[in-house]
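Enquirer: The structure follows.
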Amino acid sequence: MGKILIVDDEAHVIRLLRDYLTSKNYEVHTATNGLEAIEKVKEVMPHIVFLDIIMPGLGGIETMREIKKINPKIWVAMVTAVVDEEVAKRLLQLGADDYIVKPIHLEFIGTYVMVKLIQLLN
């Protein structure tokens, strides 16, 4: 079973993704800020992290760097409402594995998770 961590400061985003991915039988964990996310990563070692870029306190980029220090094999997909190719390139250069633009479509996430877990677990 794949383990997924959703990190976002917007409760409705967490609830939407958590409910959908749980219905697909994934083990889903959540965090509402960067520090909480780092602790969850240490605790559960997720396969995939959906990480909001803009959060109060420890932002997404700093959080991603810390997650990669803990385990560079964890797939980190940065999530943002900002559509900017330069930002996407920069995030990938800084160590993110992917860049997903909000609004998030559940069917896309379902397929995305399935494909990534097949790649990561094989």
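Ordering of the structure tokens sets the chain letters (A, B, ...), residue numbers begin anew at 1 in every chain, and ligands are numbered from 1 in the order given.
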Could you tell me, as a ChimeraX atom specification, which residues of chain A DSSP assigns to helix (DSSP H, G or I) when given the backbone?
Expert: /A:11-23,34-44,60-70,85-94,106-121
Enquirer: Which region 75-111 of chain A residues have any atom within 12 Å of an atom of region 4-8 of chain A, and for each, what is the nearest pair of atoms with distance in Å to one decimal, counting only C-alpha atoms, rows sorted by chain and number, as a Markdown table?
Expert:
| residue | atom | partner | partner_atom | distance |
| --- | --- | --- | --- | --- |
| A:Trp75 | CA | A:Ile4 | CA | 9.6 |
| A:Val76 | CA | A:Leu5 | CA | 9.5 |
| A:Ala77 | CA | A:Ile6 | CA | 9.9 |
| A:Met78 | CA | A:Val7 | CA | 9.6 |
| A:Val79 | CA | A:Asp8 | CA | 8.7 |
| A:Thr80 | CA | A:Asp8 | CA | 9.8 |
| A:Ala81 | CA | A:Asp8 | CA | 11.9 |
| A:Lys102 | CA | A:Asp8 | CA | 11.8 |
| A:Ile109 | CA | A:Ile4 | CA | 11.5 |
| A:Gly110 | CA | A:Ile4 | CA | 11.8 |
Enquirer: Which residue gives the smallest distance to Lys73 (chain A) among A:Ile48, A:Ala11, A:Glu43, A:Leu35, with only C-alpha atoms counted?
Expert: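 Between A:Ile48, A:Ala11, A:Glu43, A:Leu35, the residue approaching Lys73 (chain A) most closely is A:Ile48.
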Enquirer: For Glu62 (chain A), work out the shell of residues within 12 Å, counting only C-alpha atoms and skipping chain neighbours fewer than 2 positions away, then give it as a list in words.
Expert: Asn33, Gly34, Leu35, Ala37, Ile38, Leu51, Asp52, Ile53, Ile54, Met55, Pro56, Gly57, Leu58, Gly59, Gly60, Met64, Arg65, Glu66, Ile67, Lys68, Lys69, Met78, Leu91, Leu94, Gly95 and Ala96 of chain A
Enquirer: Keeping only N, CA, C and O atoms, take the residues you just selected and write them out as a compact mmCIF listing (two decimals), in the first residue's frame.
Expert:
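Full text of again36.txt as output:
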# COMPACT_ATOMS: atom_id res chain seq x y z
N ASN A 33 1.48 22.44 7.96
CA ASN A 33 2.61 23.36 7.84
C ASN A 33 3.91 22.57 7.65
O ASN A 33 3.92 21.34 7.80
N GLY A 34 4.98 23.28 7.35
CA GLY A 34 6.24 22.64 7.05
C GLY A 34 6.84 21.85 8.20
O GLY A 34 7.33 20.73 8.01
N LEU A 35 6.81 22.41 9.39
CA LEU A 35 7.39 21.71 10.55
C LEU A 35 6.64 20.42 10.85
O LEU A 35 7.26 19.38 11.13
N ALA A 37 5.00 18.71 8.69
CA ALA A 37 5.30 17.80 7.57
C ALA A 37 6.61 17.06 7.81
O ALA A 37 6.69 15.84 7.57
N ILE A 38 7.61 17.76 8.27
CA ILE A 38 8.92 17.12 8.52
C ILE A 38 8.79 16.05 9.58
O ILE A 38 9.34 14.95 9.44
N LEU A 51 3.10 18.79 -1.68
CA LEU A 51 3.56 19.86 -0.80
C LEU A 51 3.22 21.23 -1.37
O LEU A 51 3.71 21.61 -2.45
N ASP A 52 2.37 21.96 -0.66
CA ASP A 52 2.02 23.32 -1.06
C ASP A 52 3.28 24.18 -0.97
O ASP A 52 4.10 24.02 -0.07
N ILE A 53 3.43 25.10 -1.90
CA ILE A 53 4.62 25.95 -1.92
C ILE A 53 4.51 27.08 -0.90
O ILE A 53 5.44 27.35 -0.15
N ILE A 54 3.36 27.74 -0.89
CA ILE A 54 3.20 28.92 -0.04
C ILE A 54 2.41 28.56 1.21
O ILE A 54 1.22 28.27 1.14
N MET A 55 3.14 28.56 2.34
CA MET A 55 2.53 28.27 3.63
C MET A 55 3.15 29.21 4.66
O MET A 55 4.30 29.62 4.50
N PRO A 56 2.40 29.55 5.70
CA PRO A 56 3.00 30.37 6.75
C PRO A 56 4.09 29.58 7.48
O PRO A 56 4.08 28.35 7.51
N GLY A 57 5.04 30.31 8.03
CA GLY A 57 6.13 29.64 8.74
C GLY A 57 7.12 29.06 7.75
O GLY A 57 7.53 29.74 6.80
N LEU A 58 7.47 27.81 7.91
CA LEU A 58 8.41 27.14 7.02
C LEU A 58 7.72 26.87 5.69
O LEU A 58 6.77 26.10 5.61
N GLY A 59 8.16 27.52 4.63
CA GLY A 59 7.53 27.41 3.32
C GLY A 59 7.81 26.08 2.65
O GLY A 59 8.60 25.26 3.12
N GLY A 60 7.19 25.89 1.50
CA GLY A 60 7.29 24.63 0.79
C GLY A 60 8.69 24.28 0.32
O GLY A 60 9.11 23.13 0.39
N MET A 64 10.64 21.06 1.47
CA MET A 64 11.09 20.06 0.50
C MET A 64 12.56 19.73 0.70
O MET A 64 12.96 18.56 0.67
N ARG A 65 13.37 20.72 0.92
CA ARG A 65 14.80 20.49 1.16
C ARG A 65 15.03 19.59 2.37
O ARG A 65 15.87 18.69 2.34
N GLU A 66 14.29 19.85 3.44
CA GLU A 66 14.42 19.03 4.65
C GLU A 66 13.94 17.60 4.42
O GLU A 66 14.55 16.65 4.90
N ILE A 67 12.85 17.45 3.68
CA ILE A 67 12.34 16.11 3.37
C ILE A 67 13.39 15.33 2.57
O ILE A 67 13.65 14.16 2.85
N LYS A 68 14.01 15.98 1.60
CA LYS A 68 15.02 15.32 0.77
C LYS A 68 16.26 14.96 1.59
O LYS A 68 16.93 13.96 1.28
N LYS A 69 16.57 15.73 2.63
CA LYS A 69 17.68 15.38 3.52
C LYS A 69 17.35 14.11 4.31
O LYS A 69 18.21 13.27 4.55
N MET A 78 5.51 19.48 -5.78
CA MET A 78 5.16 20.80 -5.29
C MET A 78 3.81 21.21 -5.89
O MET A 78 3.58 21.00 -7.09
N LEU A 91 11.93 25.12 -9.18
CA LEU A 91 11.61 24.10 -8.18
C LEU A 91 12.28 22.77 -8.52
O LEU A 91 12.80 22.09 -7.63
N LEU A 94 15.86 22.90 -7.70
CA LEU A 94 16.10 22.88 -6.26
C LEU A 94 15.88 21.50 -5.63
O LEU A 94 16.15 21.31 -4.45
N GLY A 95 15.36 20.55 -6.41
CA GLY A 95 15.22 19.20 -5.89
C GLY A 95 13.82 18.62 -5.89
O GLY A 95 13.64 17.45 -5.53
N ALA A 96 12.83 19.42 -6.25
CA ALA A 96 11.47 18.87 -6.33
C ALA A 96 11.41 17.85 -7.47
O ALA A 96 12.15 17.94 -8.45
Enquirer: Which residues of region 23-71 of chain A have any atom within 12 Å of an atom in region 111-115 of chain A when counting only C-alpha atoms, and what is the closest pair of atoms for each, with the distance in Å to one decimal? Order the rows by chain and rising number and write it as a tab-separated table.
Expert:
residue	atom	partner	partner_atom	distance
A:Lys24	CA	A:Met114	CA	9.7
A:Asn25	CA	A:Met114	CA	11.1
A:Tyr26	CA	A:Val113	CA	9.3
A:Glu27	CA	A:Val113	CA	11.8
A:Val28	CA	A:Val113	CA	11.6
A:His47	CA	A:Val113	CA	9.7
A:Ile48	CA	A:Val113	CA	7.9
A:Val49	CA	A:Val113	CA	10.2
A:Phe50	CA	A:Val113	CA	10.2
Enquirer: When DSSP works through the backbone of this structure, what residues of chain A end up as strand (DSSP E), shown as a short mmCIF file (atom, residue, chain, number, x, y, z; two decimals) with C-alpha atoms, in the first residue's frame?
Expert:
data_model
loop_
_atom_site.label_atom_id
_atom_site.label_comp_id
_atom_site.auth_asym_id
_atom_site.auth_seq_id
_atom_site.Cartn_x
_atom_site.Cartn_y
_atom_site.Cartn_z
CA LYS A 3 1.86 6.03 1.76
CA ILE A 4 1.03 9.60 0.86
CA LEU A 5 1.53 12.83 2.80
CA ILE A 6 -0.56 15.88 1.89
CA VAL A 7 0.82 19.20 3.15
CA GLU A 27 -2.51 5.25 3.50
CA VAL A 28 -2.89 9.01 3.73
CA HIS A 29 -1.33 11.36 6.26
CA THR A 30 -1.71 15.12 6.47
CA ALA A 31 0.11 18.17 7.77
CA ILE A 48 4.82 10.58 -2.16
CA VAL A 49 4.42 14.06 -0.67
CA PHE A 50 2.07 16.65 -2.16
CA LEU A 51 3.56 19.86 -0.80
CA ASP A 52 2.02 23.32 -1.06
CA TRP A 75 8.80 11.76 -4.34
CA VAL A 76 7.95 15.40 -3.66
CA ALA A 77 5.38 17.07 -5.91
CA MET A 78 5.16 20.80 -5.29
CA VAL A 79 1.60 22.14 -5.51
CA THR A 80 0.71 25.75 -6.26
CA ASP A 98 7.34 17.45 -9.93
CA TYR A 99 5.15 20.57 -10.08
CA ILE A 100 1.34 20.41 -9.98
CA VAL A 101 -0.94 23.40 -10.53
#
Enquirer: Between A:Val83, A:Ile104, A:Leu17, A:Leu117, which has the minimum distance to Pro46 (chain A) (counting only C-alpha atoms)?
Expert: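 Checking each of A:Val83, A:Ile104, A:Leu17, A:Leu117 against Pro46 (chain A), counting only C-alpha atoms, the winner is A:Leu117.
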Enquirer: Of the residues A:Val41, A:Leu121, A:Met1, A:Ile70, which is the one nearest to Leu21 (chain A), using only C-alpha atoms?
Expert: A:Met1
Enquirer: So, counting only C-alpha atoms, which residue among A:Val44, A:Arg15, A:Glu36, A:Pro72 is closest to Gly2 (chain A)?
Expert: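 For Gly2 (chain A), the nearest of the given residues is A:Val44.
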Enquirer: Figure out the distance between CA of Lys42 (chain A) and CA of Ile74 (chain A), please, to one decimal in Å.
Expert: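 Atom-to-atom, CA of Ile74 (chain A) and CA of Lys42 (chain A) are spaced 11.3 Å apart.
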Enquirer: Go ahead and compute the interatomic distance for CA of Ser23 (chain A) and CA of Leu106 (chain A), in Å to one decimal.
Expert: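 These two atoms are separated by 11.4 Å.
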